[in-house]
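Below is coords39.cif, which holds mmCIF, C-alpha atoms.
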```
data_input
#
loop_
_atom_site.label_atom_id
_atom_site.label_comp_id
_atom_site.auth_asym_id
_atom_site.auth_seq_id
_atom_site.Cartn_x
_atom_site.Cartn_y
_atom_site.Cartn_z
CA MET A 71 233.52 31.17 299.41
CA LYS A 72 232.13 32.70 296.24
CA THR A 73 235.61 32.76 294.71
CA GLN A 74 236.09 29.08 295.53
CA ILE A 75 232.82 28.12 293.85
CA LEU A 76 233.67 30.22 290.81
CA THR A 77 237.14 28.69 290.54
CA PHE A 78 235.73 25.19 290.86
CA THR A 79 233.07 25.82 288.20
CA LEU A 80 235.56 27.39 285.83
CA SER A 81 238.01 24.52 286.25
CA ILE A 82 235.25 21.99 285.49
CA ILE A 83 234.22 23.93 282.36
CA THR A 84 237.86 24.21 281.24
CA CYS A 85 238.43 20.48 281.73
CA LEU A 86 235.27 19.61 279.82
CA SER A 87 236.12 21.84 276.88
CA ALA A 88 239.75 20.75 276.74
CA ARG A 89 239.06 17.01 276.65
CA ALA A 90 239.18 15.30 273.28
CA GLU A 91 235.81 13.87 272.41
CA LEU A 92 233.93 13.52 269.16
CA LYS A 93 230.50 15.06 269.04
CA TRP A 94 228.19 13.04 266.79
CA GLU A 95 225.37 14.72 264.89
CA GLN A 96 223.48 11.43 265.11
CA THR A 97 224.39 7.89 266.09
CA SER A 98 221.34 6.37 264.47
CA VAL A 99 220.21 6.57 260.84
CA GLU A 100 217.06 5.18 259.27
CA LEU A 101 217.13 4.50 255.54
CA HIS A 102 214.34 3.64 253.13
CA PRO A 103 215.91 2.16 250.00
CA THR A 104 213.73 1.50 246.96
CA ALA A 105 212.89 -2.04 245.86
CA THR A 106 215.59 -1.87 243.17
CA ASP A 107 218.41 -0.46 245.32
CA LYS A 108 221.37 -2.72 245.88
CA GLN A 109 222.87 -0.70 248.70
CA ALA A 110 221.80 1.61 251.48
CA VAL A 111 224.35 4.18 252.61
CA GLY A 112 224.30 5.94 255.97
CA HIS A 113 226.38 9.01 256.87
CA PHE A 114 227.29 9.60 260.49
CA LYS A 115 228.71 13.12 260.89
CA TYR A 116 230.94 14.17 263.75
CA GLN A 117 233.00 17.10 264.99
CA ASN A 118 235.88 17.40 267.39
CA PRO A 119 234.98 20.34 269.65
CA GLY A 120 237.93 19.66 271.95
CA LYS A 121 241.44 21.11 271.99
CA THR A 122 243.37 17.94 271.24
CA PRO A 123 243.18 15.63 268.22
CA VAL A 124 241.15 12.41 268.30
CA HIS A 125 242.46 9.28 266.60
CA PHE A 126 240.34 6.44 265.23
CA LYS A 127 241.59 3.08 266.45
CA SER A 128 239.07 0.87 264.66
CA VAL A 129 235.78 0.95 262.77
CA HIS A 130 233.95 -2.39 262.77
CA ALA A 131 230.61 -3.37 261.22
CA SER A 132 228.40 -5.95 262.92
CA CYS A 133 228.01 -8.05 259.81
CA GLY A 134 229.88 -8.87 256.62
CA CYS A 135 227.05 -7.27 254.67
CA THR A 136 228.03 -3.83 255.95
CA THR A 137 231.23 -1.92 255.34
CA ALA A 138 232.21 1.22 257.23
CA GLN A 139 234.86 3.78 256.45
CA SER A 140 236.24 6.81 258.19
CA GLN A 141 237.54 9.59 255.96
CA LYS A 142 240.61 10.09 258.11
CA ASP A 143 242.55 8.50 260.95
CA GLU A 144 243.00 11.72 262.91
CA VAL A 145 240.47 14.43 263.65
CA PRO A 146 242.19 17.69 264.59
CA PRO A 147 240.44 20.08 267.03
CA GLY A 148 237.50 21.85 265.47
CA GLU A 149 237.40 19.61 262.41
CA LYS A 150 234.35 17.80 261.03
CA GLY A 151 234.08 14.50 259.23
CA GLU A 152 231.87 11.49 258.76
CA ILE A 153 231.78 7.73 258.93
CA THR A 154 230.13 6.18 255.89
CA ALA A 155 228.36 2.88 256.42
CA THR A 156 227.34 0.92 253.32
CA PHE A 157 224.84 -1.87 253.76
CA ASN A 158 224.67 -4.37 250.90
CA ILE A 159 221.02 -5.34 250.72
CA GLY A 160 221.48 -8.63 248.88
CA ASP A 161 218.28 -10.67 249.12
CA ARG A 162 217.31 -9.29 252.50
CA THR A 163 213.80 -8.07 253.17
CA GLY A 164 211.96 -6.17 255.89
CA THR A 165 213.62 -4.11 258.60
CA GLN A 166 217.34 -4.66 258.96
CA ILE A 167 219.36 -3.23 261.84
CA LYS A 168 223.14 -3.19 261.51
CA THR A 169 225.65 -1.56 263.80
CA VAL A 170 229.10 -0.04 263.36
CA THR A 171 231.39 0.17 266.37
CA VAL A 172 233.85 3.06 266.32
CA GLU A 173 236.82 3.02 268.69
CA THR A 174 238.88 6.13 269.32
CA ASP A 175 241.59 7.20 271.77
CA GLU A 176 239.13 9.38 273.69
CA GLN A 177 239.50 9.14 277.44
CA THR A 178 235.88 9.32 278.46
CA ASN A 179 233.96 7.73 275.62
CA PRO A 180 236.28 5.59 273.52
CA LYS A 181 233.57 3.40 272.01
CA THR A 182 230.57 4.63 269.99
CA VAL A 183 227.99 2.33 268.44
CA LEU A 184 226.37 3.70 265.29
CA THR A 185 223.09 2.13 264.21
CA LEU A 186 221.96 1.78 260.63
CA LYS A 187 218.33 0.82 260.18
CA ALA A 188 217.20 -0.03 256.66
CA VAL A 189 213.55 -0.64 255.88
CA ILE A 190 213.55 -2.70 252.69
CA PRO A 191 210.27 -2.70 250.80
CA GLN A 192 208.86 -6.03 249.71
CA GLN A 193 206.78 -6.04 246.55
CA LEU A 194 205.35 -9.52 247.11
CA GLU A 195 204.99 -11.54 250.27
CA ILE A 196 204.95 -15.23 249.41
CA SER A 197 203.97 -17.79 252.00
CA PRO A 198 205.18 -20.47 252.00
CA MET A 199 208.00 -20.29 249.49
CA PHE A 200 208.21 -24.07 249.52
CA VAL A 201 205.58 -26.75 249.12
CA PHE A 202 206.33 -30.45 249.14
CA TRP A 203 204.70 -33.85 248.98
CA LYS A 204 206.13 -36.99 250.46
CA GLN A 205 206.75 -39.73 247.96
CA GLY A 206 203.57 -41.75 247.55
CA GLU A 207 201.41 -39.05 249.15
CA LYS A 208 198.10 -38.25 247.46
CA PRO A 209 198.86 -35.59 244.79
CA GLU A 210 196.43 -33.03 246.13
CA PRO A 211 196.91 -29.34 245.42
CA LYS A 212 198.73 -27.19 247.96
CA THR A 213 198.30 -23.45 248.23
CA ILE A 214 200.85 -20.67 248.17
CA SER A 215 199.52 -17.28 249.29
CA VAL A 216 200.82 -14.16 247.59
CA LYS A 217 200.20 -10.67 248.89
CA ALA A 218 201.31 -7.31 247.51
CA GLY A 219 203.50 -5.29 249.88
CA LYS A 220 202.09 -2.19 251.61
CA GLU A 221 203.48 0.35 249.16
CA PHE A 222 202.74 -1.66 246.02
CA THR A 223 199.76 -2.25 243.77
CA VAL A 224 199.66 -5.63 242.06
CA LYS A 225 196.61 -6.44 239.98
CA HIS A 226 197.71 -9.65 238.33
CA ILE A 227 200.52 -12.15 238.66
CA LYS A 228 201.93 -14.65 236.22
CA VAL A 229 203.14 -18.01 237.50
CA THR A 230 205.20 -20.51 235.52
CA SER A 231 206.54 -23.87 236.58
CA SER A 232 209.96 -24.96 235.37
CA SER A 233 208.78 -28.57 235.28
CA PRO A 234 205.72 -30.06 233.58
CA ASP A 235 205.43 -32.40 236.57
CA PHE A 236 203.67 -29.63 238.50
CA GLN A 237 200.62 -27.63 237.47
CA THR A 238 199.74 -24.22 238.83
CA LYS A 239 196.49 -22.29 239.01
CA VAL A 240 196.25 -18.65 240.10
CA GLU A 241 193.22 -17.28 241.86
CA GLU A 242 192.87 -13.56 242.54
CA THR A 243 191.27 -13.08 245.91
CA GLY A 244 191.24 -9.27 245.73
CA LYS A 245 193.08 -6.39 247.38
CA GLY A 246 196.37 -7.47 245.88
CA GLU A 247 196.08 -10.98 247.25
CA PHE A 248 196.39 -14.19 245.28
CA LYS A 249 196.30 -17.92 245.81
CA ILE A 250 198.47 -20.24 243.77
CA ASP A 251 197.34 -23.85 243.78
CA VAL A 252 200.23 -26.16 243.00
CA GLN A 253 199.57 -29.78 242.13
CA PRO A 254 201.95 -32.54 241.12
CA LYS A 255 200.84 -34.94 238.39
CA GLU A 256 201.92 -37.83 240.59
CA THR A 257 204.17 -38.34 243.60
CA THR A 258 206.04 -41.51 242.69
CA ASN A 259 209.21 -39.83 241.42
CA LEU A 260 211.46 -37.45 243.31
CA VAL A 261 210.97 -34.38 241.14
CA ALA A 262 211.14 -30.67 241.83
CA SER A 263 210.19 -27.43 240.16
CA THR A 264 211.02 -23.76 240.49
CA LEU A 265 207.89 -21.65 240.32
CA THR A 266 208.46 -18.22 238.84
CA ILE A 267 206.07 -15.58 240.12
CA GLN A 268 206.01 -12.28 238.29
CA PRO A 269 203.72 -9.32 238.97
CA GLU A 270 202.13 -7.87 235.86
CA ASP A 271 203.93 -4.78 234.54
CA SER A 272 207.03 -5.59 236.57
CA GLN A 273 210.43 -6.90 235.62
CA LYS A 274 210.91 -8.25 239.10
CA VAL A 275 210.73 -12.01 239.50
CA PHE A 276 210.05 -14.00 242.65
CA TYR A 277 210.54 -17.69 243.24
CA ALA A 278 208.96 -20.57 245.10
CA THR A 279 209.86 -24.26 245.06
CA ALA A 280 207.67 -27.35 244.74
CA ARG A 281 209.11 -30.77 245.35
CA ILE A 282 208.37 -34.44 245.91
CA THR A 283 210.56 -35.53 248.81
CA ASN A 284 211.35 -38.98 250.00
CA ALA A 285 209.54 -40.08 253.13
CA PRO A 286 211.24 -39.52 256.52
CA THR A 287 214.47 -41.44 256.50
CA ALA A 288 216.38 -43.48 259.02
CA PRO A 289 219.11 -41.34 260.67
CA ALA A 290 222.02 -42.71 258.66
CA ALA A 291 220.43 -42.52 255.24
CA PRO A 292 220.68 -39.01 253.84
CA ALA A 293 218.37 -38.10 250.96
CA ALA A 294 219.71 -37.99 247.45
CA PRO A 295 219.72 -34.38 246.31
CA VAL A 296 217.05 -33.54 243.76
CA ALA A 297 217.53 -30.18 242.20
CA PRO A 298 214.58 -28.39 240.62
CA LYS A 299 214.36 -28.61 236.85
CA GLY A 300 214.84 -25.49 234.84
CA PRO A 301 216.36 -22.39 236.47
CA VAL A 302 217.78 -24.26 239.44
CA ALA A 303 219.67 -21.34 240.80
CA PRO A 304 217.78 -18.20 239.91
CA THR A 305 220.31 -15.43 239.94
CA THR A 306 219.11 -12.00 240.92
CA PRO A 307 219.02 -9.89 237.77
CA ALA A 308 221.07 -6.72 237.84
CA GLY A 309 219.43 -3.96 239.81
CA GLN A 310 216.84 -6.22 241.38
CA THR A 311 216.35 -7.22 244.93
CA HIS A 312 213.77 -9.67 246.07
CA MET B 288 219.57 12.37 311.06
CA LYS B 289 218.89 8.91 309.63
CA PHE B 290 215.63 10.12 308.15
CA SER B 291 217.37 13.07 306.59
CA LEU B 292 220.00 10.83 304.98
CA ALA B 293 217.39 8.47 303.62
CA ARG B 294 215.42 11.37 302.24
CA GLN B 295 218.50 12.80 300.57
CA ALA B 296 219.28 9.41 299.05
CA LEU B 297 215.76 9.12 297.72
CA ILE B 298 215.89 12.61 296.24
CA LEU B 299 219.22 11.82 294.55
CA ALA B 300 217.85 8.55 293.16
CA ALA B 301 214.77 10.35 291.86
CA LEU B 302 216.93 13.03 290.27
CA ALA B 303 219.08 10.38 288.60
CA LEU B 304 215.95 8.69 287.29
CA VAL B 305 214.81 11.77 285.38
CA PRO B 306 217.66 11.91 282.82
CA GLY B 307 217.68 8.11 282.69
CA MET B 308 214.01 8.01 281.72
CA GLY B 309 214.55 10.86 279.28
CA GLU B 310 217.38 9.00 277.57
CA ALA B 311 215.36 5.80 277.41
CA VAL B 312 212.50 7.62 275.72
CA TYR B 313 214.67 9.76 273.40
CA PHE B 314 216.92 6.90 272.32
CA ARG B 315 214.24 4.21 272.39
CA HIS B 316 215.00 3.27 268.77
CA ASN B 317 218.70 2.87 269.51
CA ILE B 318 218.20 0.35 272.22
CA SER B 319 218.47 -3.21 271.05
CA TRP B 320 215.37 -5.05 272.13
CA ARG B 321 216.36 -8.06 270.11
CA SER B 322 216.56 -11.06 272.29
CA ALA B 323 219.19 -13.68 271.95
CA VAL B 324 218.31 -17.03 270.44
CA PRO B 325 215.95 -18.81 272.87
CA PRO B 326 217.60 -21.86 274.48
CA SER B 327 215.01 -24.15 272.84
CA GLU B 328 216.29 -23.09 269.42
CA LEU B 329 219.95 -23.67 270.25
CA VAL B 330 221.93 -26.85 269.85
CA THR B 331 225.47 -27.69 270.95
CA VAL B 332 228.12 -29.19 268.69
CA ALA B 333 227.98 -32.46 270.64
CA GLN B 334 224.18 -32.73 270.37
CA ALA B 335 224.19 -31.97 266.64
CA ARG B 336 226.97 -34.46 265.96
CA ALA B 337 225.07 -37.13 267.83
CA TRP B 338 222.29 -36.85 265.23
CA GLY B 339 224.77 -38.11 262.61
CA GLY B 340 223.41 -38.21 259.06
CA ASN B 341 220.03 -36.92 260.10
CA VAL B 342 221.33 -33.35 260.14
CA ILE B 343 221.65 -30.81 257.39
CA TRP B 344 224.35 -28.27 258.27
CA VAL B 345 223.66 -24.80 256.94
CA ASP B 346 226.47 -22.26 256.73
CA ALA B 347 225.00 -18.75 257.02
CA ARG B 348 228.34 -16.96 256.63
CA PRO B 349 229.27 -14.98 253.50
CA ASP B 350 230.43 -16.95 250.45
CA GLU B 351 234.14 -16.16 250.93
CA GLU B 352 234.13 -17.59 254.45
CA PHE B 353 232.23 -20.68 253.33
CA ALA B 354 234.73 -21.16 250.49
CA ARG B 355 237.63 -20.95 252.94
CA ASP B 356 236.35 -23.70 255.19
CA HIS B 357 233.08 -25.12 256.45
CA VAL B 358 231.53 -28.06 258.27
CA SER B 359 231.91 -31.11 256.07
CA GLY B 360 228.79 -31.52 253.90
CA ALA B 361 227.36 -28.14 254.87
CA VAL B 362 225.12 -26.22 252.48
CA SER B 363 225.76 -22.52 251.99
CA LEU B 364 222.70 -20.35 252.60
CA ASN B 365 223.09 -16.66 253.33
CA GLU B 366 220.89 -13.63 252.89
CA ASP B 367 223.22 -12.05 250.33
CA GLN B 368 222.09 -14.63 247.79
CA TRP B 369 219.01 -16.08 249.44
CA ASN B 370 217.01 -16.53 246.21
CA GLU B 371 219.85 -18.36 244.52
CA LEU B 372 220.87 -20.56 247.42
CA LEU B 373 217.50 -21.49 248.91
CA PRO B 374 216.57 -23.95 246.10
CA GLN B 375 219.90 -25.68 246.63
CA PHE B 376 219.12 -26.14 250.30
CA LEU B 377 215.59 -27.33 249.56
CA ALA B 378 217.00 -29.89 247.14
CA VAL B 379 218.78 -31.68 249.99
CA TRP B 380 216.13 -31.24 252.66
CA SER B 381 213.63 -33.97 253.41
CA PRO B 382 211.00 -34.36 256.14
CA GLY B 383 212.36 -35.63 259.44
CA LYS B 384 215.77 -34.05 258.98
CA LYS B 385 217.07 -31.58 261.50
CA VAL B 386 218.60 -28.37 260.22
CA VAL B 387 221.51 -26.80 262.12
CA VAL B 388 222.45 -23.26 261.06
CA TYR B 389 225.74 -21.68 262.06
CA CYS B 390 227.66 -18.47 261.52
CA SER B 391 231.06 -17.29 262.73
CA ALA B 392 230.64 -17.08 266.47
CA GLU B 393 228.26 -16.70 269.37
CA SER B 394 227.93 -12.99 268.72
CA CYS B 395 226.92 -13.13 265.06
CA ASP B 396 223.30 -12.70 264.02
CA LEU B 397 223.41 -14.35 260.60
CA ALA B 398 222.52 -17.87 261.78
CA ARG B 399 219.54 -16.61 263.77
CA GLU B 400 218.29 -14.60 260.79
CA VAL B 401 218.68 -17.49 258.32
CA ALA B 402 217.01 -19.91 260.76
CA GLU B 403 214.13 -17.48 261.18
CA ARG B 404 213.61 -17.16 257.42
CA LEU B 405 213.72 -20.93 256.92
CA ARG B 406 211.02 -21.39 259.54
CA LYS B 407 208.89 -18.47 258.39
CA GLU B 408 209.26 -18.36 254.61
CA ALA B 409 209.91 -22.00 253.74
CA GLN B 410 208.04 -23.35 256.79
CA ILE B 411 210.79 -25.84 257.50
CA PRO B 412 210.44 -27.44 260.96
CA ASP B 413 213.32 -28.45 263.27
CA VAL B 414 215.62 -25.55 262.42
CA LEU B 415 218.17 -24.92 265.16
CA VAL B 416 221.08 -22.54 265.66
CA LEU B 417 224.51 -23.90 266.58
CA GLU B 418 225.63 -22.55 269.94
CA GLY B 419 228.98 -20.81 269.55
CA GLY B 420 228.87 -21.09 265.76
CA TRP B 421 231.80 -22.03 263.57
CA GLU B 422 234.27 -21.16 266.37
CA ALA B 423 232.68 -23.73 268.67
CA TRP B 424 232.67 -26.34 265.91
CA LEU B 425 236.38 -25.72 265.28
CA LYS B 426 237.21 -26.09 268.97
CA LYS B 427 235.47 -29.46 269.14
CA ASN B 428 236.79 -30.79 265.87
CA ARG B 429 240.34 -29.55 265.46
#
```
Once more with this new file: its structure as structure tokens, please.
Amino acid sequence: MKTQILTFTLSIITCLSARAELKWEQTSVELHPTATDKQAVGHFKYQNPGKTPVHFKSVHASCGCTTAQSQKDEVPPGEKGEITATFNIGDRTGTQIKTVTVETDEQTNPKTVLTLKAVIPQQLEISPMFVFWKQGEKPEPKTISVKAGKEFTVKHIKVTSSSPDFQTKVEETGKGEFKIDVQPKETTNLVASTLTIQPEDSQKVFYATARITNAPTAPAAPAAPVAPKGPVAPTTPAGQTH
Amino acid sequence: MKFSLARQALILAALALVPGMGEAVYFRHNISWRSAVPPSELVTVAQARAWGGNVIWVDARPDEEFARDHVSGAVSLNEDQWNELLPQFLAVWSPGKKVVVYCSAESCDLAREVAERLRKEAQIPDVLVLEGGWEAWLKKNR
């Protein structure tokens, strides 16, 4: 009886060690890029502890903003390697979770999902990023709230309007918080403005939009586009993320 | 005998629960708690088309995919170039218009994320996500 148990146990151990399966050091990575980083790169290391080679069939990222690469197509027994996942931050903010699905020819576990979590710092939180008045509406000021992000100290901000049709006034409410009062001169014309918000001692620029819109339209009458005057399409300067 | 079997089954279930609970706690950050788009925020191709000119179509896919093909009249707005593209979207938006955001397919997250930012950051009302995305639109229109 004892021999039978021993044989059974040994055969199980042999089968387990002989099977081809990648052993991952971690399947989840958390990254903390800086405010100026354009990319966040995660490394997922693996090893093949089995006795037969493992082949990668596919490596797919969950979104176009992430690319993933395996160093090799085949992992011989005992060899190590890694999958590199590169997340292009773009204009994303906050916590971003992206996944990479790895498919191999393993018998037992052919699909592994790798998770890349990137916590992108936000220097300024602007709410709302858009204020508007309906055509003919009383041109009363509307407020945009600005708050410094958790890890940042902002003492002053500078706000400029791309159009003289809108006036802005900044009020510092303390603790890195500000109020921007935006007021149109009048609301008869369909005009728009890009508001540039820049923290003091920072090259980083943030944007908000102010606009006079036409009143709610009948279903078949789309509004004529009115682009903001000045820097209509603020391009992100090199090395900056917003 | 019956009691013994039931007891054994219970013991086995309890034993199975231990590693299950352990895994749930250890890998709690790996588990996706993100819910799908709530039904109230979804719209079908047929519903959106019925709104006619009162809809602004927003393409949340990357620039290359938008350049290849898109819903006629759609505005490109993705998170890669959010700061550059948002003013262009705002230039065509007006109160009372419905906004329908789409990405490649049912499984993609881009439309949900763009819709969320439009509601939260720009405080645009009536922002909906197209059920089935670009794939569904193609099926109904080609």
*asked:* Using the chain letters and numbers from this file, what does the PyMOL selection byres ((chain B and resi 388-404) around 8) select? Give the answer as JSON, numbers by chain.
replied: {"A": [132, 133], "B": [324, 344, 345, 346, 347, 348, 364, 365, 366, 386, 387, 405, 406, 407, 408, 409, 414, 415, 416, 417, 418, 419, 420, 421, 422, 423]}
*Can you work out which one of A:Ser197, A:Thr106, A:Gln96, A:Thr154 has the shortest atom-to-atom distance to chain B, counting only C-alpha atoms?*
A:Ser197
*How would you write, as a PyMOL selection string, the residues chosen by the PyMOL selection byres ((chain B) within 8 of (chain A)) on this structure?*
chain B and resi 317+338-341+349+366-372+374-375+377-384+395-397+407-410
*What does the distance from atom CA of A:Ala131 to atom CA of B:Ala354 come to in Å, to one decimal?*
21.2 Å
_Given only C-alpha atoms as the counted atoms, nearest of A:Val252, A:Ile227, A:Ile267, A:Val145 to A:Glu91_ = A:Val145
_Among listed residues A:Pro123, A:Pro191, A:Gly206, A:Gly244, nearest A:Thr174 (using only C-alpha atoms)_ =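 Selected residue with least distance to A:Thr174: A:Pro123.
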_Please compute the atom CA of A:His125-atom CA of A:Glu173 distance, one decimal, in Å._
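Separating atom CA of A:His125 from atom CA of A:Glu173 is a distance of 8.7 Å.
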_Applying the PyMOL selection byres ((chain A and resi 211) around 6) to the file I just gave you, which residues come out? Please list them as a ChimeraX atom specification._
/A:210,212,251-253
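For the pair atom CA of A:Lys239 and atom CA of A:Phe222, the interatomic distance is 22.7 Å.
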*Quick one: residues within 12 Å of (230.7, 16.2, 257.5) (file frame), counting only C-alpha atoms, please, as a list in words.*
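Checked against the point, the hits come out as Lys93, Trp94, Glu95, Gln96, His113, Phe114, Lys115, Tyr116, Gln117, Asn118, Ser140, Gln141, Lys142, Val145, Gly148, Glu149, Lys150, Gly151, Glu152, Ile153 and Thr154 of chain A.
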Would you export the selected residues with C-alpha atoms as a short mmCIF file (atom, residue, chain, number, x, y, z; two decimals), keeping the file's coordinate frame, please?
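Once everything was written out, this is selection23.cif:
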```cif
data_model
loop_
_atom_site.label_atom_id
_atom_site.label_comp_id
_atom_site.auth_asym_id
_atom_site.auth_seq_id
_atom_site.Cartn_x
_atom_site.Cartn_y
_atom_site.Cartn_z
CA LYS A 93 230.50 15.06 269.04
CA TRP A 94 228.19 13.04 266.79
CA GLU A 95 225.37 14.72 264.89
CA GLN A 96 223.48 11.43 265.11
CA HIS A 113 226.38 9.01 256.87
CA PHE A 114 227.29 9.60 260.49
CA LYS A 115 228.71 13.12 260.89
CA TYR A 116 230.94 14.17 263.75
CA GLN A 117 233.00 17.10 264.99
CA ASN A 118 235.88 17.40 267.39
CA SER A 140 236.24 6.81 258.19
CA GLN A 141 237.54 9.59 255.96
CA LYS A 142 240.61 10.09 258.11
CA VAL A 145 240.47 14.43 263.65
CA GLY A 148 237.50 21.85 265.47
CA GLU A 149 237.40 19.61 262.41
CA LYS A 150 234.35 17.80 261.03
CA GLY A 151 234.08 14.50 259.23
CA GLU A 152 231.87 11.49 258.76
CA ILE A 153 231.78 7.73 258.93
CA THR A 154 230.13 6.18 255.89
#
```
*Write out as a PyMOL selection string the residues lying within 8 Å of A:Ser231, counting all atoms listed in the file and excluding same-chain residues fewer than 4 positions away.*
chain A and resi 236-238+263-266
What would the file look like if the residues just selected were written as a PDB file, keeping the file's coordinate frame with C-alpha atoms?
```pdb
ATOM      1  CA  PHE A 236     203.670 -29.630 238.500  1.00  0.00           C
ATOM      2  CA  GLN A 237     200.620 -27.630 237.470  1.00  0.00           C
ATOM      3  CA  THR A 238     199.740 -24.220 238.830  1.00  0.00           C
ATOM      4  CA  SER A 263     210.190 -27.430 240.160  1.00  0.00           C
ATOM      5  CA  THR A 264     211.020 -23.760 240.490  1.00  0.00           C
ATOM      6  CA  LEU A 265     207.890 -21.650 240.320  1.00  0.00           C
ATOM      7  CA  THR A 266     208.460 -18.220 238.840  1.00  0.00           C
TER       8      THR A 266
END
```
*asked:* For A:Glu256, find every residue with an atom within 6 Å (counting only C-alpha atoms), except residues of its own chain fewer than 2 positions away, and show them as a list in words.
replied: Pro209, Pro254 and Thr258 of chain A
Expected residue set, 9 Å radius at (217.7, 3.3, 255.7), all atoms listed in the file, as a short mmCIF file (atom, residue, chain, number, x, y, z; two decimals) with C-alpha atoms, in the frame of the given file:
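Output saved as point-v2.cif:
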```cif
data_model
loop_
_atom_site.label_atom_id
_atom_site.label_comp_id
_atom_site.auth_asym_id
_atom_site.auth_seq_id
_atom_site.Cartn_x
_atom_site.Cartn_y
_atom_site.Cartn_z
CA VAL A 99 220.21 6.57 260.84
CA GLU A 100 217.06 5.18 259.27
CA LEU A 101 217.13 4.50 255.54
CA HIS A 102 214.34 3.64 253.13
CA PRO A 103 215.91 2.16 250.00
CA ALA A 110 221.80 1.61 251.48
CA VAL A 111 224.35 4.18 252.61
CA GLY A 112 224.30 5.94 255.97
CA THR A 165 213.62 -4.11 258.60
CA GLN A 166 217.34 -4.66 258.96
CA LEU A 186 221.96 1.78 260.63
CA LYS A 187 218.33 0.82 260.18
CA ALA A 188 217.20 -0.03 256.66
CA VAL A 189 213.55 -0.64 255.88
CA ILE A 190 213.55 -2.70 252.69
#
```
*Residues near A:Pro180, cut-off 12 Å, all atoms listed in the file, skip fewer than 2 positions along chain, as a PyMOL selection string*: chain A and resi 90-93+124-129+171-178+182-183
*Rank A:Asn179, A:Thr213, A:Gln139, A:Gly219 by their smallest atom-to-atom distance to A:Gln192, using all atoms listed in the file, and report the top residue only.*
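For A:Gln192, the nearest of the candidates is A:Gly219.
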Could you model N, CA and C atoms for stretch 206-220 of chain A and present them as a compact mmCIF listing (two decimals), in the coordinates of the input?
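Resulting contents of part.txt:
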```
# COMPACT_ATOMS: atom_id res chain seq x y z
N GLY A 206 204.70 -40.85 247.34
CA GLY A 206 203.57 -41.75 247.55
C GLY A 206 202.35 -41.06 248.14
N GLU A 207 202.52 -39.81 248.56
CA GLU A 207 201.41 -39.05 249.15
C GLU A 207 200.38 -38.74 248.05
N LYS A 208 199.13 -38.58 248.42
CA LYS A 208 198.10 -38.25 247.46
C LYS A 208 198.44 -36.90 246.79
N PRO A 209 198.44 -36.86 245.46
CA PRO A 209 198.86 -35.59 244.79
C PRO A 209 197.80 -34.50 244.81
N GLU A 210 197.44 -34.08 246.00
CA GLU A 210 196.43 -33.03 246.13
C GLU A 210 197.07 -31.66 246.03
N PRO A 211 196.30 -30.67 245.56
CA PRO A 211 196.91 -29.34 245.42
C PRO A 211 197.27 -28.71 246.77
N LYS A 212 198.34 -27.94 246.77
CA LYS A 212 198.73 -27.19 247.96
C LYS A 212 198.78 -25.71 247.57
N THR A 213 198.47 -24.87 248.54
CA THR A 213 198.30 -23.45 248.23
C THR A 213 199.45 -22.58 248.70
N ILE A 214 199.87 -21.70 247.82
CA ILE A 214 200.85 -20.67 248.17
C ILE A 214 200.11 -19.33 248.15
N SER A 215 200.19 -18.59 249.24
CA SER A 215 199.52 -17.28 249.29
C SER A 215 200.49 -16.18 248.87
N VAL A 216 200.00 -15.29 248.06
CA VAL A 216 200.82 -14.16 247.59
C VAL A 216 200.08 -12.87 247.91
N LYS A 217 200.82 -11.93 248.48
CA LYS A 217 200.20 -10.67 248.89
C LYS A 217 201.11 -9.51 248.47
N ALA A 218 200.50 -8.48 247.89
CA ALA A 218 201.31 -7.31 247.51
C ALA A 218 201.74 -6.57 248.76
N GLY A 219 202.97 -6.06 248.74
CA GLY A 219 203.50 -5.29 249.88
C GLY A 219 202.71 -3.99 250.07
N LYS A 220 202.87 -3.38 251.24
CA LYS A 220 202.09 -2.19 251.61
C LYS A 220 202.13 -1.07 250.57
```
